[in-house]
Structures are given as C-alpha cells and as structure tokens.
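These notes are about the structure you will find just below.
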Amino acid sequence: MRLFLLQGMPNSNSPIGIFDSGLGGLSILSEIHKILPNENIIYYADSQNAPYGEKTTQEIVELSIKNTEFLLKKSCKIIVVACNTATTNAIHILREKFDIPFIGIEPAIKPASIQSKSKQIGILATKGTLSSELFAQNLKKIRQNSDIIEVVGKGIVEAIENNTTQSPEFLKTLTIQLEPFIKSNIDHLVLGCSHYPLIINELKNIFERKVNIIDSGYAVAKQTLNILSSHRLLSHNKNIQKSILLYKNKTSDEALNNVIKRLQLKNIEVVNDY
C-alpha cells in the first residue's frame, strides 16, 4: 500500500524536499539551487543520527521513512534522498511506500570509468554504501574494464558535523586513509558520500591536484529538473520570493555556518527540530 501524506495535493509552487544524515546533503542542495533557482526548498539535516553509514539496513530504512514523512507533512512535491547510504539501502522501499517522486544519489562510477585513462579508479564511501546490494550490482560491469579500489571513509562525516576538518589530527587521519589510492596510482576518485564534497579542497591538496575528483551533485540536480519537468511540477513563478528552509536536530551551529560559507549559500532560514 502506497501512502500519500501531503498536506494538500502538490503543485508547481510546492517545495522540493531534501534529507540527509546531517550537513552533507547541502552539497546536493547547492547544485539543485543553481539549476532550479525558482524553487522553494526544505532541507532536513538528521545530524542526531549521523553517520548512517555505520547503521544496520533496518535502521537506515526506518530513519529514511521518518525523514520522508517529515518532508511530506511540509507539502514537498518531490523528495531528494541526498545520502548515498540511504539511497542504496532504502530508496526502493520508499518508492514502494510513498506515492511521490524520489531522486537518489549514487557514486558516479560510470562517468569515472569512461573518463579514466589508467582505468585505476578509487571510491571513497561509507561502509553502508560499499556493502549494499545496489552498489555491488552497479559495480559488476565496471570491474570488467577497470580496477576499482574501495576505501571506507572513517571519521569524515563526524569531522564535518563537528567542524574539525582543519585539525591536524583529522588531516593526518585523512591522509592515511587515502594511501591505498595513492599507491594504486588512481587518476579518478569517486566520492560516495554527500558529505565528502565538503572536504574537496583537503582531498585535492593531499593528491596534489593530480587526481580528478567526481561527485554526484550536478547529476542529481539535473535528474531533479528532469523529473519535475516530466511531472509538470516545475515552478515558473519568478515573482514570489524563494526560500530555503533548513530543519536541523543537534547540528553544530559552527559546523553549519562553515558549510554554508563553503558552499556560498544565501538566504537560508534555520529551524531547530528537537
């Protein structure tokens, strides 16, 4: 049975809903806002339960359902699951349960395999993403033509959520984690977590800018545009002031402000949801 929990039927002026296990999905929101500046956006940052990558599949599904229900009660017309772990573990269940379009985010492995000259490709992702069945299925064909080096990112989400990405301890730990990529001479690194683009400058410095780093933000934004267009839900009203409303729980204000500054986001209204 599919549920429809909207407070009234969605229309073109209804907001886009986005959720993630904290602040990482703001990297996706940023790309969506660039392509769709006429859209209102509601973002739910579930920092209280971050990181999702260390949770069981059942826990991820339950959190994803809770987040979806929250956004649907805000009359969102589409839900963007801006979390790789939630996408690979739960989006098929969300699509079965709720009668609304969903956009997921998956590691951009295929573009990396096409662009790579050395066919040595690194994937930095959470345990929850790398161990998922959907990820394994997507990787089968790619492995026929490329060597894939997988590394589970440890402590990265926590460092972003706690605003400690500039600490010497974190940078040392991050450098050690990237050693398998450096030893394998990868020429492309795929970011398999929406938090990771928030440390892209740190990653580039460690790789000495010799590696092409790919994330899924732009592709997700384009898919959101396409789905809204096909459902005739694009907002064309340029006269109404657009808003970005961010709900957060136990999110560090310092970390949030740092991410907003990095992404150059403006006119965000923040609401505590405790």
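Chain labels A, B, ... are given in the sequence in which chains occur in the structure tokens; within each chain residues are numbered consecutively from 1, and ligands are likewise numbered from 1 in the order shown.
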Q: Tell me, as a list in words, which residues lie within 10 Å of Gly155 (chain A), counting only C-alpha atoms; anything in the same chain fewer than 5 positions away does not count.
A: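 The residues satisfying every condition are Pro51, Thr126, Ile160, Glu161, Thr165, Phe170, Thr173 and Leu174 of chain A.
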Atoms to include: N, CA, C and O atoms. Write the selected residues as a short mmCIF file (atom, residue, chain, number, x, y, z; two decimals), in the first residue's frame.
data_model
loop_
_atom_site.label_atom_id
_atom_site.label_comp_id
_atom_site.auth_asym_id
_atom_site.auth_seq_id
_atom_site.Cartn_x
_atom_site.Cartn_y
_atom_site.Cartn_z
N PRO A 51 26.69 9.08 11.74
CA PRO A 51 26.56 8.79 10.31
C PRO A 51 25.66 7.60 10.05
O PRO A 51 25.65 6.63 10.83
N THR A 126 31.01 5.32 2.45
CA THR A 126 30.74 4.77 3.77
C THR A 126 30.61 3.26 3.69
O THR A 126 30.40 2.68 2.62
N ILE A 160 33.14 16.62 9.77
CA ILE A 160 32.35 17.69 9.14
C ILE A 160 31.25 18.16 10.07
O ILE A 160 31.02 19.37 10.23
N GLU A 161 30.56 17.21 10.69
CA GLU A 161 29.46 17.56 11.59
C GLU A 161 29.95 18.31 12.83
O GLU A 161 29.21 19.10 13.42
N THR A 165 37.44 19.63 10.53
CA THR A 165 38.15 19.18 9.32
C THR A 165 39.49 19.88 9.11
O THR A 165 40.29 19.43 8.27
N PHE A 170 42.75 15.33 12.18
CA PHE A 170 41.88 14.86 11.10
C PHE A 170 42.64 14.77 9.79
O PHE A 170 42.52 13.78 9.05
N THR A 173 44.80 11.72 9.70
CA THR A 173 43.98 10.51 9.53
C THR A 173 43.48 10.40 8.10
O THR A 173 43.47 9.30 7.51
N LEU A 174 43.04 11.51 7.52
CA LEU A 174 42.55 11.51 6.15
C LEU A 174 43.65 11.10 5.18
O LEU A 174 43.43 10.30 4.27
#
Long-range neighbours of region 207-211 of chain A as a PDB file with N, CA, C and O atoms, in the first residue's frame, 10 Å cut-off, only C-alpha atoms, 3 positions minimum in chain:
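Final output, out.pdb:
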ATOM      1  N   ILE A 121      40.593   3.363 -10.616  1.00  0.00           N
ATOM      2  CA  ILE A 121      39.574   4.260 -10.067  1.00  0.00           C
ATOM      3  C   ILE A 121      39.396   3.997  -8.579  1.00  0.00           C
ATOM      4  O   ILE A 121      39.267   2.842  -8.142  1.00  0.00           O
ATOM      5  N   GLY A 122      39.415   5.060  -7.809  1.00  0.00           N
ATOM      6  CA  GLY A 122      39.193   4.943  -6.374  1.00  0.00           C
ATOM      7  C   GLY A 122      37.776   5.340  -6.009  1.00  0.00           C
ATOM      8  O   GLY A 122      37.189   6.233  -6.622  1.00  0.00           O
ATOM      9  N   THR A 175      44.846  11.625   5.375  1.00  0.00           N
ATOM     10  CA  THR A 175      45.986  11.295   4.507  1.00  0.00           C
ATOM     11  C   THR A 175      46.290   9.802   4.550  1.00  0.00           C
ATOM     12  O   THR A 175      46.537   9.173   3.501  1.00  0.00           O
ATOM     13  N   LEU A 178      43.820   7.749   2.538  1.00  0.00           N
ATOM     14  CA  LEU A 178      43.936   7.873   1.084  1.00  0.00           C
ATOM     15  C   LEU A 178      45.154   7.143   0.509  1.00  0.00           C
ATOM     16  O   LEU A 178      45.310   7.068  -0.713  1.00  0.00           O
ATOM     17  N   GLU A 179      46.004   6.590   1.366  1.00  0.00           N
ATOM     18  CA  GLU A 179      47.224   5.928   0.901  1.00  0.00           C
ATOM     19  C   GLU A 179      46.977   4.806  -0.114  1.00  0.00           C
ATOM     20  O   GLU A 179      47.736   4.685  -1.083  1.00  0.00           O
ATOM     21  N   PHE A 181      44.812   4.647  -2.416  1.00  0.00           N
ATOM     22  CA  PHE A 181      44.575   5.288  -3.704  1.00  0.00           C
ATOM     23  C   PHE A 181      45.883   5.776  -4.323  1.00  0.00           C
ATOM     24  O   PHE A 181      46.133   5.597  -5.522  1.00  0.00           O
ATOM     25  N   ILE A 182      46.699   6.388  -3.495  1.00  0.00           N
ATOM     26  CA  ILE A 182      47.973   6.940  -3.981  1.00  0.00           C
ATOM     27  C   ILE A 182      48.896   5.814  -4.457  1.00  0.00           C
ATOM     28  O   ILE A 182      49.537   5.916  -5.510  1.00  0.00           O
ATOM     29  N   ASN A 185      47.978   4.525  -7.839  1.00  0.00           N
ATOM     30  CA  ASN A 185      48.074   5.491  -8.938  1.00  0.00           C
ATOM     31  C   ASN A 185      46.734   5.729  -9.644  1.00  0.00           C
ATOM     32  O   ASN A 185      46.644   5.728 -10.880  1.00  0.00           O
ATOM     33  N   ILE A 186      45.688   5.914  -8.856  1.00  0.00           N
ATOM     34  CA  ILE A 186      44.383   6.206  -9.459  1.00  0.00           C
ATOM     35  C   ILE A 186      44.442   7.557 -10.169  1.00  0.00           C
ATOM     36  O   ILE A 186      45.225   8.434  -9.802  1.00  0.00           O
ATOM     37  N   ASP A 187      43.629   7.697 -11.216  1.00  0.00           N
ATOM     38  CA  ASP A 187      43.532   9.010 -11.858  1.00  0.00           C
ATOM     39  C   ASP A 187      42.154   9.639 -11.641  1.00  0.00           C
ATOM     40  O   ASP A 187      41.942  10.811 -11.974  1.00  0.00           O
ATOM     41  N   HIS A 188      41.214   8.855 -11.086  1.00  0.00           N
ATOM     42  CA  HIS A 188      39.895   9.381 -10.745  1.00  0.00           C
ATOM     43  C   HIS A 188      39.486   8.869  -9.363  1.00  0.00           C
ATOM     44  O   HIS A 188      39.670   7.685  -9.053  1.00  0.00           O
ATOM     45  N   LEU A 189      38.935   9.768  -8.573  1.00  0.00           N
ATOM     46  CA  LEU A 189      38.391   9.408  -7.273  1.00  0.00           C
ATOM     47  C   LEU A 189      36.907   9.745  -7.257  1.00  0.00           C
ATOM     48  O   LEU A 189      36.508  10.886  -7.499  1.00  0.00           O
ATOM     49  N   ASN A 201      38.634  20.437  -1.069  1.00  0.00           N
ATOM     50  CA  ASN A 201      39.911  21.162  -1.097  1.00  0.00           C
ATOM     51  C   ASN A 201      40.997  20.389  -0.353  1.00  0.00           C
ATOM     52  O   ASN A 201      42.155  20.332  -0.805  1.00  0.00           O
ATOM     53  N   GLU A 202      40.620  19.788   0.767  1.00  0.00           N
ATOM     54  CA  GLU A 202      41.573  18.982   1.532  1.00  0.00           C
ATOM     55  C   GLU A 202      42.008  17.762   0.720  1.00  0.00           C
ATOM     56  O   GLU A 202      43.189  17.384   0.712  1.00  0.00           O
ATOM     57  N   LEU A 203      41.060  17.146   0.013  1.00  0.00           N
ATOM     58  CA  LEU A 203      41.386  15.987  -0.815  1.00  0.00           C
ATOM     59  C   LEU A 203      42.332  16.377  -1.956  1.00  0.00           C
ATOM     60  O   LEU A 203      43.308  15.674  -2.232  1.00  0.00           O
ATOM     61  N   LYS A 204      42.045  17.482  -2.603  1.00  0.00           N
ATOM     62  CA  LYS A 204      42.896  17.939  -3.711  1.00  0.00           C
ATOM     63  C   LYS A 204      44.317  18.217  -3.239  1.00  0.00           C
ATOM     64  O   LYS A 204      45.278  17.901  -3.943  1.00  0.00           O
ATOM     65  N   ILE A 214      35.333  13.225  -8.569  1.00  0.00           N
ATOM     66  CA  ILE A 214      33.971  13.279  -9.113  1.00  0.00           C
ATOM     67  C   ILE A 214      32.945  13.045  -8.005  1.00  0.00           C
ATOM     68  O   ILE A 214      33.059  12.106  -7.222  1.00  0.00           O
TER      69      ILE A 214
END
Q.
Need to verify the contact set: Ile199 (chain A), 12 Å, only C-alpha atoms, exclusion of same-chain residues closer than 3 positions in sequence. Can you return it as a ChimeraX atom specification?
A. /A:24,27,156-157,159-161,163-166,170-171,174,191,193-196,202-206,213,215,258-259,262-263
Q) So which bits of region 39-253 of chain A end up strand (DSSP E) when you DSSP the backbone, as a PyMOL selection string? A) chain A and resi 41-45+78-81+102-103+120-125+147-152+188-192+212-214+244-248
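Look at Lys222 (chain A): the protein and nucleic acid residues within 9 Å of it, using only C-alpha atoms and passing over chain neighbours fewer than 6 places away, are Glu31, Ile32 and Ile35 of chain A.
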Dump as a compact mmCIF listing (two decimals), in the first residue's frame, selection limited to N, CA and C atoms:
# COMPACT_ATOMS: atom_id res chain seq x y z
N GLU A 31 23.76 22.42 -5.64
CA GLU A 31 23.68 22.17 -7.08
C GLU A 31 22.25 22.29 -7.58
N ILE A 32 21.29 21.82 -6.79
CA ILE A 32 19.89 21.93 -7.18
C ILE A 32 19.47 23.39 -7.25
N ILE A 35 20.64 25.13 -10.48
CA ILE A 35 19.90 24.77 -11.68
C ILE A 35 18.43 25.20 -11.60
Q. Which of region 51-254 of chain A counts as helix (DSSP H, G or I) under DSSP, as number ranges by chain please?
A. A: 52-54, 57-72, 84-97, 109-115, 127-130, 133-143, 156-161, 168-177, 179-183, 196-206, 217-230, 253-254
**Q.** Ser30 (chain A) surroundings by only C-alpha atoms, 10 Å radius, close-in-sequence under 3 positions cut, as number ranges by chain
**A.** A: 25-27, 33-36, 217-218, 221, 260, 263-266
Save the residues we just selected, N, CA, C and O atoms, as an mmCIF file, in the first residue's frame?
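Wrote it out as result.cif, contents follow:
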data_model
loop_
_atom_site.group_PDB
_atom_site.id
_atom_site.type_symbol
_atom_site.label_atom_id
_atom_site.label_comp_id
_atom_site.auth_asym_id
_atom_site.auth_seq_id
_atom_site.Cartn_x
_atom_site.Cartn_y
_atom_site.Cartn_z
ATOM 1 N N GLY A 25 24.239 16.688 2.657
ATOM 2 C CA GLY A 25 23.301 16.909 1.565
ATOM 3 C C GLY A 25 23.200 18.349 1.112
ATOM 4 O O GLY A 25 22.627 18.629 0.057
ATOM 5 N N LEU A 26 23.778 19.273 1.890
ATOM 6 C CA LEU A 26 23.798 20.665 1.443
ATOM 7 C C LEU A 26 24.635 20.819 0.178
ATOM 8 O O LEU A 26 24.436 21.762 -0.591
ATOM 9 N N SER A 27 25.567 19.896 -0.049
ATOM 10 C CA SER A 27 26.330 19.920 -1.296
ATOM 11 C C SER A 27 25.413 19.613 -2.480
ATOM 12 O O SER A 27 25.612 20.137 -3.584
ATOM 13 N N HIS A 33 19.903 24.174 -6.277
ATOM 14 C CA HIS A 33 19.538 25.591 -6.235
ATOM 15 C C HIS A 33 20.125 26.357 -7.424
ATOM 16 O O HIS A 33 19.501 27.294 -7.946
ATOM 17 N N LYS A 34 21.312 25.956 -7.876
ATOM 18 C CA LYS A 34 21.928 26.609 -9.045
ATOM 19 C C LYS A 34 21.103 26.369 -10.306
ATOM 20 O O LYS A 34 20.909 27.275 -11.125
ATOM 21 N N ILE A 35 20.644 25.134 -10.478
ATOM 22 C CA ILE A 35 19.902 24.771 -11.681
ATOM 23 C C ILE A 35 18.432 25.198 -11.597
ATOM 24 O O ILE A 35 17.814 25.526 -12.606
ATOM 25 N N LEU A 36 17.884 25.190 -10.380
ATOM 26 C CA LEU A 36 16.459 25.479 -10.179
ATOM 27 C C LEU A 36 16.286 26.644 -9.196
ATOM 28 O O LEU A 36 15.761 26.473 -8.089
ATOM 29 N N GLY A 217 26.674 15.535 -7.353
ATOM 30 C CA GLY A 217 25.790 16.661 -7.117
ATOM 31 C C GLY A 217 25.104 17.205 -8.365
ATOM 32 O O GLY A 217 23.879 17.361 -8.397
ATOM 33 N N TYR A 218 25.879 17.481 -9.410
ATOM 34 C CA TYR A 218 25.309 18.051 -10.625
ATOM 35 C C TYR A 218 24.338 17.071 -11.292
ATOM 36 O O TYR A 218 23.260 17.469 -11.761
ATOM 37 N N ALA A 221 21.072 17.061 -9.484
ATOM 38 C CA ALA A 221 20.327 18.285 -9.775
ATOM 39 C C ALA A 221 19.658 18.197 -11.153
ATOM 40 O O ALA A 221 18.492 18.577 -11.316
ATOM 41 N N ILE A 260 27.756 26.394 5.056
ATOM 42 C CA ILE A 260 27.033 27.410 4.289
ATOM 43 C C ILE A 260 28.016 28.373 3.626
ATOM 44 O O ILE A 260 27.853 28.757 2.463
ATOM 45 N N LEU A 263 29.874 26.630 0.678
ATOM 46 C CA LEU A 263 29.023 26.438 -0.494
ATOM 47 C C LEU A 263 28.454 27.749 -1.027
ATOM 48 O O LEU A 263 27.762 27.751 -2.045
ATOM 49 N N GLN A 264 28.718 28.840 -0.305
ATOM 50 C CA GLN A 264 28.245 30.179 -0.689
ATOM 51 C C GLN A 264 26.724 30.218 -0.835
ATOM 52 O O GLN A 264 26.172 30.811 -1.776
ATOM 53 N N LEU A 265 26.061 29.550 0.109
ATOM 54 C CA LEU A 265 24.599 29.562 0.129
ATOM 55 C C LEU A 265 24.115 30.823 0.828
ATOM 56 O O LEU A 265 24.713 31.280 1.794
ATOM 57 N N LYS A 266 23.003 31.354 0.338
ATOM 58 C CA LYS A 266 22.471 32.586 0.915
ATOM 59 C C LYS A 266 20.979 32.439 1.201
ATOM 60 O O LYS A 266 20.297 31.584 0.636
#
Q. Skipping near chain neighbours, those fewer than 5 positions away, what residues fall within 7 Å of Ser216 (chain A) using only C-alpha atoms, listed as a count of residues only?
A. 4
